[in-house]
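J.: Sending over start-v6.tsv (TSV, C-alpha atoms).
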chain	number	residue	atom	x	y	z
A	25	MET	CA	-97.34	173.70	194.25
A	26	THR	CA	-97.51	177.07	192.52
A	27	THR	CA	-95.71	177.61	189.22
A	28	VAL	CA	-95.12	181.08	187.87
A	29	HIS	CA	-94.49	181.25	184.12
A	30	GLU	CA	-92.57	184.16	182.69
A	31	THR	CA	-93.09	184.60	178.97
A	32	ALA	CA	-91.15	185.77	175.93
A	33	SER	CA	-92.81	187.16	172.85
A	34	CYS	CA	-91.11	184.55	170.64
A	35	GLN	CA	-88.17	182.13	170.60
A	36	SER	CA	-85.79	184.70	169.21
A	37	ASP	CA	-84.40	187.97	170.43
A	38	PRO	CA	-87.17	190.50	171.18
A	39	PRO	CA	-87.02	193.92	169.50
A	40	GLU	CA	-83.93	195.88	170.48
A	41	ALA	CA	-85.95	198.69	172.02
A	42	LYS	CA	-87.66	196.25	174.39
A	43	ARG	CA	-84.60	194.30	175.51
A	44	PRO	CA	-82.96	195.17	178.81
A	45	ARG	CA	-79.48	196.43	177.99
A	46	MET	CA	-76.17	196.49	179.74
A	47	ALA	CA	-74.90	199.92	180.77
A	48	GLU	CA	-73.70	202.03	177.86
A	49	THR	CA	-70.30	203.71	177.98
A	50	GLY	CA	-69.06	206.91	176.45
A	51	ASP	CA	-72.48	208.56	176.50
A	52	GLY	CA	-71.50	211.49	178.69
A	53	ASP	CA	-73.59	210.21	181.59
A	54	SER	CA	-71.56	210.51	184.78
A	55	THR	CA	-74.06	208.44	186.78
A	56	PRO	CA	-72.29	205.29	188.04
A	57	SER	CA	-73.34	202.28	185.97
A	58	TRP	CA	-74.70	200.42	188.99
A	59	ILE	CA	-77.30	203.18	189.50
A	60	ARG	CA	-78.69	202.77	186.00
A	61	PRO	CA	-81.66	200.37	185.69
A	62	THR	CA	-80.03	197.97	183.22
A	63	LEU	CA	-80.37	194.70	185.18
A	64	PRO	CA	-83.78	193.41	186.31
A	65	ASN	CA	-83.10	194.01	190.02
A	66	PRO	CA	-84.34	197.34	191.45
A	67	HIS	CA	-82.48	196.73	194.71
A	68	LEU	CA	-78.95	196.98	193.29
A	69	HIS	CA	-78.94	200.77	193.19
A	70	ALA	CA	-79.54	200.92	196.95
A	71	LEU	CA	-76.41	198.95	197.82
A	72	ASP	CA	-73.59	200.99	199.35
A	73	SER	CA	-71.18	198.31	198.15
A	74	ASP	CA	-71.39	195.00	196.34
A	75	PHE	CA	-68.83	192.24	196.81
A	76	LEU	CA	-69.05	189.44	194.25
A	77	TYR	CA	-68.26	186.77	196.80
A	78	HIS	CA	-67.68	183.73	194.57
A	79	ILE	CA	-65.29	185.48	192.17
A	80	GLY	CA	-63.72	187.76	194.76
A	81	TYR	CA	-64.12	191.19	193.17
A	82	SER	CA	-65.70	194.38	194.54
A	83	ARG	CA	-67.95	196.66	192.56
A	84	ASP	CA	-65.72	199.71	192.54
A	85	GLU	CA	-62.72	197.97	190.96
A	86	LEU	CA	-64.54	196.34	188.06
A	87	ARG	CA	-64.64	199.12	185.47
A	88	ASP	CA	-60.85	199.51	185.37
A	89	ILE	CA	-60.25	195.78	185.02
A	90	PHE	CA	-63.18	194.56	182.92
A	91	GLY	CA	-64.45	197.64	181.07
A	92	ASP	CA	-63.15	196.37	177.71
A	93	VAL	CA	-64.72	192.88	177.85
A	94	LYS	CA	-66.68	191.89	174.75
A	95	PHE	CA	-66.83	188.11	175.13
A	96	VAL	CA	-67.26	185.83	178.13
A	97	VAL	CA	-66.44	182.21	177.33
A	98	MET	CA	-67.24	179.68	180.03
A	99	GLY	CA	-66.87	175.96	180.52
A	100	GLY	CA	-66.97	173.47	183.35
A	101	ALA	CA	-63.34	172.77	184.20
A	102	ALA	CA	-60.62	175.23	185.20
A	103	GLY	CA	-58.04	173.37	183.11
A	104	ARG	CA	-60.19	173.56	179.99
A	105	MET	CA	-60.71	177.29	180.39
A	106	GLY	CA	-57.01	177.84	181.01
A	107	GLY	CA	-56.34	176.01	177.78
A	108	PHE	CA	-58.90	178.14	175.97
A	109	ALA	CA	-57.28	181.28	177.38
A	110	GLU	CA	-53.95	180.26	175.83
A	111	ARG	CA	-55.62	179.38	172.52
A	112	ILE	CA	-57.51	182.66	172.15
A	113	ALA	CA	-54.44	184.63	173.25
A	114	ARG	CA	-52.50	183.16	170.32
A	115	GLU	CA	-55.42	183.66	167.92
A	116	ILE	CA	-55.85	187.36	168.64
A	117	GLY	CA	-52.16	188.15	169.06
A	118	HIS	CA	-52.25	188.94	172.77
A	119	PRO	CA	-48.80	189.73	174.23
A	120	LYS	CA	-49.27	187.17	177.00
A	121	VAL	CA	-49.97	183.57	175.98
A	122	GLU	CA	-49.35	181.51	179.13
A	123	LYS	CA	-52.37	180.77	181.32
A	124	GLU	CA	-50.53	181.65	184.52
A	125	GLU	CA	-49.88	185.12	183.12
A	126	LEU	CA	-53.52	185.46	182.08
A	127	LYS	CA	-55.09	184.17	185.29
A	128	ILE	CA	-56.85	186.81	187.41
A	129	SER	CA	-58.74	184.51	189.82
A	130	LYS	CA	-59.22	185.77	193.35
A	131	THR	CA	-60.92	182.64	194.72
A	132	ASP	CA	-60.62	178.91	194.13
A	133	ARG	CA	-64.32	178.52	193.30
A	134	PHE	CA	-64.14	179.75	189.71
A	135	ALA	CA	-61.03	180.22	187.57
A	136	LEU	CA	-60.88	183.51	185.65
A	137	PHE	CA	-58.51	184.37	182.81
A	138	LYS	CA	-58.53	187.71	180.99
A	139	ILE	CA	-57.19	187.97	177.47
A	140	GLY	CA	-57.80	191.52	176.30
A	141	PRO	CA	-61.52	191.73	175.46
A	142	VAL	CA	-62.09	188.04	176.25
A	143	LEU	CA	-62.89	186.65	179.68
A	144	SER	CA	-62.42	182.88	180.04
A	145	VAL	CA	-64.01	181.43	183.17
A	146	SER	CA	-64.83	178.01	184.63
A	147	HIS	CA	-68.42	177.51	185.81
A	148	GLY	CA	-68.24	174.17	187.59
A	149	MET	CA	-70.77	171.42	186.97
A	150	GLY	CA	-74.54	171.75	186.73
A	151	VAL	CA	-77.22	174.41	186.94
A	152	PRO	CA	-76.67	175.47	190.58
A	153	SER	CA	-73.00	176.24	189.98
A	154	VAL	CA	-73.44	177.99	186.64
A	155	SER	CA	-76.38	180.02	188.00
A	156	ILE	CA	-74.25	181.43	190.82
A	157	LEU	CA	-71.51	182.36	188.36
A	158	LEU	CA	-73.96	183.96	185.91
A	159	HIS	CA	-75.44	186.26	188.55
A	160	GLU	CA	-71.97	187.53	189.40
A	161	ILE	CA	-70.78	187.75	185.78
A	162	PHE	CA	-73.89	189.76	184.87
A	163	LYS	CA	-73.18	192.16	187.72
A	164	LEU	CA	-69.49	192.29	186.81
A	165	LEU	CA	-70.37	193.37	183.26
A	166	HIS	CA	-72.98	195.82	184.52
A	167	TYR	CA	-70.71	197.48	187.06
A	168	ALA	CA	-67.87	197.59	184.52
A	169	GLY	CA	-70.09	199.56	182.14
A	170	VAL	CA	-69.91	196.88	179.45
A	171	SER	CA	-72.48	196.96	176.67
A	172	ASP	CA	-73.50	194.14	174.32
A	173	ALA	CA	-71.20	191.45	175.70
A	174	ILE	CA	-71.71	187.93	174.34
A	175	ILE	CA	-71.55	184.86	176.58
A	176	ILE	CA	-70.65	181.48	175.08
A	177	ARG	CA	-70.52	178.17	176.90
A	178	ILE	CA	-68.15	175.52	175.53
A	179	GLY	CA	-68.05	171.96	176.76
A	180	THR	CA	-68.72	168.26	176.34
A	181	SER	CA	-72.02	166.44	176.16
A	182	GLY	CA	-73.70	163.14	175.42
A	183	GLY	CA	-74.97	162.91	171.87
A	184	ILE	CA	-78.28	161.37	170.82
A	185	GLY	CA	-78.22	159.82	167.37
A	186	ILE	CA	-75.01	161.61	166.30
A	187	PRO	CA	-71.45	160.30	165.98
A	188	PRO	CA	-68.92	160.92	168.76
A	189	GLY	CA	-66.89	164.02	167.98
A	190	THR	CA	-69.84	165.92	166.48
A	191	VAL	CA	-70.00	169.59	167.53
A	192	VAL	CA	-73.48	170.91	168.38
A	193	VAL	CA	-74.36	174.59	168.27
A	194	THR	CA	-77.54	174.81	170.34
A	195	ASP	CA	-80.54	176.43	168.69
A	196	LYS	CA	-83.10	175.36	171.32
A	197	ALA	CA	-82.56	174.61	175.02
A	198	PHE	CA	-84.92	172.07	176.59
A	199	ASN	CA	-85.43	170.90	180.16
A	200	ALA	CA	-85.97	167.23	180.98
A	201	PHE	CA	-89.72	167.64	180.34
A	202	LEU	CA	-88.89	168.73	176.78
A	203	GLU	CA	-90.04	172.27	177.54
A	204	GLN	CA	-88.08	175.31	176.41
A	205	GLU	CA	-88.09	176.59	179.97
A	206	HIS	CA	-85.77	176.83	182.93
A	207	GLN	CA	-87.39	176.14	186.30
A	208	THR	CA	-86.13	177.40	189.62
A	209	VAL	CA	-87.67	177.72	193.09
A	210	ILE	CA	-87.93	181.31	194.38
A	211	LEU	CA	-89.57	182.02	197.75
A	212	GLY	CA	-91.26	178.63	197.71
A	213	GLU	CA	-92.69	178.99	194.22
A	214	VAL	CA	-91.55	177.30	191.02
A	215	VAL	CA	-90.67	180.04	188.53
A	216	SER	CA	-90.42	179.05	184.86
A	217	ARG	CA	-88.50	181.30	182.51
A	218	PRO	CA	-88.23	180.84	178.72
A	219	THR	CA	-84.94	179.60	177.30
A	220	VAL	CA	-84.31	181.98	174.42
A	221	MET	CA	-81.38	181.44	172.08
A	222	ASP	CA	-80.48	184.32	169.77
A	223	GLN	CA	-80.80	182.71	166.35
A	224	ASP	CA	-78.64	185.28	164.55
A	225	LEU	CA	-75.82	184.61	166.99
A	226	VAL	CA	-76.29	180.85	166.66
A	227	ARG	CA	-76.02	181.02	162.88
A	228	SER	CA	-73.04	183.37	163.07
A	229	VAL	CA	-71.13	180.94	165.26
A	230	LEU	CA	-71.98	178.01	162.98
A	231	SER	CA	-70.90	179.94	159.87
A	232	CYS	CA	-67.34	180.23	161.23
A	233	GLN	CA	-66.77	176.49	160.99
A	234	ASP	CA	-64.31	175.74	158.20
A	235	ASP	CA	-63.11	172.34	159.43
A	236	HIS	CA	-65.13	169.73	157.57
A	237	SER	CA	-63.29	166.68	158.91
A	238	PHE	CA	-66.17	166.22	161.41
A	239	GLN	CA	-69.81	167.25	161.68
A	240	THR	CA	-70.87	170.61	163.12
A	241	ILE	CA	-74.64	170.92	163.38
A	242	LEU	CA	-77.45	173.03	164.79
A	243	GLY	CA	-79.70	171.18	167.18
A	244	GLY	CA	-81.69	171.08	170.37
A	245	THR	CA	-79.88	170.53	173.66
A	246	MET	CA	-81.49	169.06	176.76
A	247	CYS	CA	-80.38	170.11	180.24
A	248	THR	CA	-80.71	167.71	183.16
A	249	ASP	CA	-80.10	167.98	186.90
A	250	ASP	CA	-77.91	164.88	187.06
A	251	PHE	CA	-75.36	162.92	185.03
A	252	TYR	CA	-76.67	159.45	185.92
A	253	GLU	CA	-80.38	158.86	186.62
A	254	GLY	CA	-81.35	162.27	185.24
A	255	GLN	CA	-79.83	161.37	181.87
A	256	GLY	CA	-81.23	157.84	181.84
A	257	ARG	CA	-77.93	156.07	182.51
A	258	LEU	CA	-77.88	152.45	183.61
A	259	ASP	CA	-74.41	152.64	185.17
A	260	GLY	CA	-74.94	154.86	188.23
A	261	SER	CA	-74.91	153.57	191.80
A	262	ILE	CA	-78.75	153.63	191.77
A	263	CYS	CA	-80.99	152.69	188.84
A	264	GLU	CA	-84.68	151.72	189.02
A	265	PHE	CA	-85.62	151.56	185.33
A	266	THR	CA	-85.00	149.11	182.50
A	267	GLU	CA	-82.87	149.51	179.41
A	268	GLU	CA	-86.06	149.42	177.36
A	269	LYS	CA	-87.51	152.41	179.25
A	270	LYS	CA	-84.23	154.26	178.90
A	271	LEU	CA	-84.10	153.79	175.13
A	272	SER	CA	-87.78	154.68	174.76
A	273	TYR	CA	-87.18	157.97	176.58
A	274	LEU	CA	-84.03	158.84	174.62
A	275	GLN	CA	-85.77	158.06	171.33
A	276	LYS	CA	-88.66	160.31	172.38
A	277	VAL	CA	-86.19	163.07	173.22
A	278	HIS	CA	-84.39	162.65	169.90
A	279	LYS	CA	-87.68	162.76	167.98
A	280	ALA	CA	-88.43	166.11	169.66
A	281	GLY	CA	-85.27	167.58	168.11
A	282	VAL	CA	-82.74	167.02	170.89
A	283	VAL	CA	-79.32	165.92	169.66
A	284	ASN	CA	-77.27	166.23	172.87
A	285	ILE	CA	-77.58	166.34	176.65
A	286	GLU	CA	-75.65	168.42	179.19
A	287	MET	CA	-76.35	170.12	182.53
A	288	GLU	CA	-76.21	173.91	182.12
A	289	CYS	CA	-77.88	175.20	178.96
A	290	THR	CA	-81.35	176.09	180.28
A	291	ALA	CA	-79.95	178.24	183.09
A	292	LEU	CA	-77.62	180.02	180.68
A	293	ALA	CA	-80.33	180.63	178.06
A	294	ALA	CA	-83.03	181.77	180.50
A	295	LEU	CA	-80.93	183.92	182.81
A	296	SER	CA	-79.00	185.55	179.96
A	297	HIS	CA	-82.24	186.43	178.19
A	298	LYS	CA	-83.68	187.82	181.43
A	299	ALA	CA	-80.58	190.01	181.84
A	300	GLY	CA	-80.66	191.14	178.20
A	301	ILE	CA	-77.43	189.40	177.18
A	302	LYS	CA	-76.97	187.25	174.09
A	303	CYS	CA	-75.58	183.76	174.63
A	304	ALA	CA	-74.62	180.64	172.73
A	305	VAL	CA	-73.80	177.05	173.65
A	306	VAL	CA	-71.24	175.00	171.69
A	307	CYS	CA	-70.60	171.43	172.89
A	308	VAL	CA	-69.00	168.32	171.46
A	309	ALA	CA	-70.61	164.90	171.80
A	310	LEU	CA	-68.34	162.33	173.45
A	311	LEU	CA	-70.62	159.38	172.67
A	312	ASP	CA	-73.98	158.43	171.19
A	313	ARG	CA	-76.28	157.67	174.13
A	314	LEU	CA	-78.43	155.43	171.94
A	315	GLN	CA	-75.40	153.12	171.77
A	316	GLY	CA	-74.40	153.12	175.45
A	317	ASP	CA	-73.65	155.05	178.63
A	318	GLN	CA	-69.91	154.77	179.19
A	319	VAL	CA	-67.44	157.32	177.81
A	320	VAL	CA	-64.82	154.91	176.48
A	321	ILE	CA	-62.83	157.09	174.07
A	322	SER	CA	-59.05	157.29	174.36
A	323	PRO	CA	-57.37	160.21	176.17
A	324	GLU	CA	-56.07	161.37	172.79
A	325	ASP	CA	-59.57	161.42	171.27
A	326	TYR	CA	-60.93	163.16	174.37
A	327	GLN	CA	-58.41	165.97	173.98
A	328	LEU	CA	-59.12	166.18	170.26
A	329	PHE	CA	-62.90	166.26	170.74
A	330	GLN	CA	-62.92	168.87	173.49
A	331	SER	CA	-60.67	171.13	171.41
A	332	ARG	CA	-63.28	171.35	168.65
A	333	PRO	CA	-65.73	173.74	170.38
A	334	GLN	CA	-62.76	175.83	171.51
A	335	SER	CA	-61.48	176.12	167.96
A	336	LEU	CA	-64.88	177.13	166.57
A	337	VAL	CA	-65.52	179.75	169.25
A	338	ALA	CA	-62.00	181.15	168.83
A	339	LYS	CA	-62.68	181.57	165.10
A	340	PHE	CA	-65.97	183.32	165.85
A	341	ILE	CA	-64.35	185.74	168.31
A	342	LYS	CA	-61.50	186.48	165.93
A	343	SER	CA	-63.98	187.19	163.12
A	344	ARG	CA	-65.84	189.68	165.32
A	345	LEU	CA	-62.69	191.43	166.54
A	346	ASN	CA	-61.13	191.50	163.06
A	347	PRO	CA	-63.92	191.59	160.45
A	348	GLY	CA	-62.78	190.05	157.20
A	349	THR	CA	-60.62	187.36	158.83
A	350	GLY	CA	-63.37	184.77	158.53
A	351	SER	CA	-67.08	184.18	158.32
A	352	SER	CA	-69.30	186.26	160.54
Please render this file's structure as structure tokens.
T.:
Amino acid sequence: MTTVHETASCQSDPPEAKRPRMAETGDGDSTPSWIRPTLPNPHLHALDSDFLYHIGYSRDELRDIFGDVKFVVMGGAAGRMGGFAERIAREIGHPKVEKEELKISKTDRFALFKIGPVLSVSHGMGVPSVSILLHEIFKLLHYAGVSDAIIIRIGTSGGIGIPPGTVVVTDKAFNAFLEQEHQTVILGEVVSRPTVMDQDLVRSVLSCQDDHSFQTILGGTMCTDDFYEGQGRLDGSICEFTEEKKLSYLQKVHKAGVVNIEMECTALAALSHKAGIKCAVVCVALLDRLQGDQVVISPEDYQLFQSRPQSLVAKFIKSRLNPGTGSS
């Protein structure tokens, strides 16, 4: 099996002059944005048309609808992202605050909500689903002529050695081999791309936390391909390892700097870096996996916990849109 390793100069954003950039606007260049070489795909400029199949939009309509987008916030479930849409609408004083008014979905695969400069979108569950969405969101931003958009994933996770309800802002994204790489198969070859988190963005998000009734920490996040066996759970329909082996693995992972586990971060970090877009991941831990596998919190605590990443990201966005309203 052949593995191709793509490299990054360091685990932080490369120099601005060397980063691929989204299409600039207002520069007097009348060349359509999809002709400009701002995404790492030389074939896009040859397309007569481009239909973003999974979100239902065509290239030529994107600039008018999405040209003002500055933030893309994504999470697994449509309901969660509808709730976030309503929250951020209230925070930034948008004239529409009901999710049905904000919804602009054209398919039932991914739910899209637009709140002024904020796009709230569901990505489904796992790397395959989020990867499909990312390709189309990157092209959406590119064709819309958007520059310097920020993508933030919000969600839930399993903690390792941290109390339930802790919010984790990811500073390193690991795969299940504890490598800071995302692996995918392209034309029969395994391609490994570095998972690069922009450390300035990570710290900026963390600095907006002013609720000290629970922990908000920086930490490593591990991405797996599965919720059950892939995360070392004993309660799936199939399990061929002992509790001792499970705990040994989780303790090894924790020692390496991982404080939570989810199923999307490596794809987001690697693909965003490849496309020249800054991203962040903010997840809440629903349980401590060193103490068990079952999520046994009450519905009330679940709603409370999942609101915490939403609240932090809303504060961050508000601080960027209205400097001086909070930490930045």
J.: Considering all atoms listed in the file, can you say which of A:Cys289, A:Leu143, A:Leu295, A:Leu76 comes closest to Lys130 (chain A)?
T.: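 Between A:Cys289, A:Leu143, A:Leu295, A:Leu76, the residue approaching Lys130 (chain A) most closely is A:Leu76.
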J.: Check which residues of region 96-168 of chain A sit at most 9 Å from region 335-338 of chain A using only C-alpha atoms, and return one row each with the closest pair of atoms and their distance in Å to one decimal, ordered by chain and rising number, as a tab-separated table.
T.:
residue	atom	partner	partner_atom	distance
A:Val97	CA	A:Val337	CA	8.5
A:Phe108	CA	A:Ala338	CA	8.3
A:Arg111	CA	A:Ala338	CA	7.6
A:Ile112	CA	A:Ala338	CA	5.8
A:Glu115	CA	A:Ala338	CA	7.1
A:Ile116	CA	A:Ala338	CA	8.7
J.: Tell me which of A:Tyr167, A:Val305, A:Arg114, A:Leu202 sits closest to Ser73 (chain A), counting all atoms listed in the file.
T.: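 Smallest distance to Ser73 (chain A) is found for A:Tyr167.
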J.: Excluding Met287 (chain A) and its own-chain neighbours fewer than 5 positions away, which residues fall within 9 Å of it when counting only C-alpha atoms? Please give them as a PyMOL selection string.
T.: chain A and resi 149-151+181+246-251
J.: Within 12 Å of Arg332 (chain A), counting all atoms listed in the file, which residues qualify if same-chain residues fewer than 5 places away don't, as number ranges by chain?
T.: A: 104, 108, 111, 178-180, 188-193, 233-240, 306-310, 325-327, 337-339
J.: Using Å and a single decimal, report how far CA of Asp172 (chain A) sits from CA of Gly244 (chain A).
T.: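 Interatomic distance here is 24.8 Å.
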J.: At what distance in Å, to one decimal, does CA of Ile79 (chain A) lie from CA of Asn199 (chain A)?
T.: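 Going from CA of Asn199 (chain A) over to CA of Ile79 (chain A) covers 27.6 Å.
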J.: Grab the CA of Glu288 (chain A) to CA of Gly103 (chain A) distance for me, in Å with one decimal place.
T.: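 Atom-to-atom, CA of Glu288 (chain A) and CA of Gly103 (chain A) are spaced 18.2 Å apart.
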J.: Which residue out of A:Gly316, A:Pro152, A:Pro323, A:Gly91 has the minimum interatomic distance to Leu292 (chain A) when only C-alpha atoms are used?
T.: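 Comparing A:Gly316, A:Pro152, A:Pro323, A:Gly91 against Leu292 (chain A), the winner is A:Pro152.
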J.: Looking at all atoms listed in the file, which of A:Ser261, A:Ser331, A:Asn65, A:Ser146 is the one that sits closest to Val96 (chain A)?
T.: A:Ser146
J.: Of the candidates A:Ile241, A:Leu345, A:Ala70, A:Val220, which shows the shortest atom-to-atom distance to Glu203 (chain A), using all atoms listed in the file?
T.: A:Val220
J.: What's the 9 Å shell around Val28 (chain A), counting all atoms listed in the file, without same-chain residues fewer than 3 positions away, as a compact mmCIF listing (two decimals) with C-alpha atoms, in the frame of the given file?
T.:
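Result file result14.txt:
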# COMPACT_ATOMS: atom_id res chain seq x y z
CA GLU A 213 -92.69 178.99 194.22
CA VAL A 214 -91.55 177.30 191.02
CA VAL A 215 -90.67 180.04 188.53
CA SER A 216 -90.42 179.05 184.86
CA ARG A 217 -88.50 181.30 182.51
J.: At most 7 Å from (-81.0, 157.9, 175.4), file frame, all atoms listed in the file: which residues, as a list in words?
T.: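 Protein and nucleic acid residues near the point are Ile184, Gly256, Lys270, Leu271, Tyr273, Leu274, Gln275, Arg313 and Leu314 of chain A.
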J.: Let me make sure I understand: among A:Arg227, A:Lys302, A:Lys127, A:Lys342, which one has the smallest atom-to-atom distance to Phe162 (chain A) if we use only C-alpha atoms?
T.: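 Closest to Phe162 (chain A), using only C-alpha atoms: A:Lys302.
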J.: Step by step: start from the point (-77.0, 190.8, 172.7) in the file's coordinates, keep every protein, DNA or RNA residue that has an atom no farther than 8 Å from it, count only C-alpha atoms, and write the set as a list in words.
T.: Asp172, Ala173, Ile174, Asp222, Gly300, Ile301, Lys302 and Cys303 of chain A
J.: Once you've located region 56-113 of chain A in the structure I gave, write it as a compact mmCIF listing (two decimals), in the first residue's frame, keeping C-alpha atoms.
T.:
# COMPACT_ATOMS: atom_id res chain seq x y z
CA PRO A 56 -15.04 35.84 -12.39
CA SER A 57 -13.84 34.47 -9.06
CA TRP A 58 -14.05 30.86 -10.24
CA ILE A 59 -11.38 31.59 -12.88
CA ARG A 60 -8.89 32.80 -10.30
CA PRO A 61 -6.48 30.14 -8.97
CA THR A 62 -7.47 30.43 -5.30
CA LEU A 63 -8.46 26.81 -4.60
CA PRO A 64 -5.99 23.94 -5.13
CA ASN A 65 -7.89 22.48 -8.11
CA PRO A 66 -6.70 23.60 -11.57
CA HIS A 67 -9.72 21.96 -13.23
CA LEU A 68 -12.36 24.28 -11.77
CA HIS A 69 -11.68 27.09 -14.23
CA ALA A 70 -12.50 24.79 -17.15
CA LEU A 71 -16.02 24.03 -15.95
CA ASP A 72 -18.80 25.68 -17.95
CA SER A 73 -21.03 25.34 -14.88
CA ASP A 74 -20.74 23.92 -11.39
CA PHE A 75 -23.73 22.60 -9.46
CA LEU A 76 -23.06 21.97 -5.77
CA TYR A 77 -25.19 18.86 -5.71
CA HIS A 78 -25.43 18.17 -1.97
CA ILE A 79 -26.41 21.73 -0.99
CA GLY A 80 -28.41 22.46 -4.13
CA TYR A 81 -26.86 25.72 -5.33
CA SER A 82 -25.37 26.63 -8.72
CA ARG A 83 -22.18 28.59 -9.18
CA ASP A 84 -23.68 31.65 -10.83
CA GLU A 85 -26.13 32.43 -8.02
CA LEU A 86 -23.68 32.25 -5.13
CA ARG A 87 -22.14 35.72 -5.13
CA ASP A 88 -25.50 37.48 -4.68
CA ILE A 89 -26.56 35.20 -1.84
CA PHE A 90 -23.33 34.45 0.01
CA GLY A 91 -20.95 37.27 -0.91
CA ASP A 92 -21.11 38.79 2.59
CA VAL A 93 -20.33 35.60 4.55
CA LYS A 94 -17.57 35.95 7.13
CA PHE A 95 -18.23 32.93 9.36
CA VAL A 96 -19.35 29.38 8.63
CA VAL A 97 -20.43 27.53 11.76
CA MET A 98 -21.14 23.83 11.36
CA GLY A 99 -22.31 20.99 13.55
CA GLY A 100 -23.70 17.52 13.14
CA ALA A 101 -27.44 17.87 13.60
CA ALA A 102 -29.87 20.09 11.69
CA GLY A 103 -31.77 20.92 14.89
CA ARG A 104 -28.62 22.06 16.66
CA MET A 105 -27.65 24.34 13.79
CA GLY A 106 -31.16 25.76 13.59
CA GLY A 107 -30.89 26.56 17.27
CA PHE A 108 -27.51 28.19 16.73
CA ALA A 109 -28.96 30.25 13.88
CA GLU A 110 -31.60 31.66 16.25
CA ARG A 111 -29.01 32.31 18.96
CA ILE A 112 -26.57 34.19 16.72
CA ALA A 113 -29.44 36.13 15.13
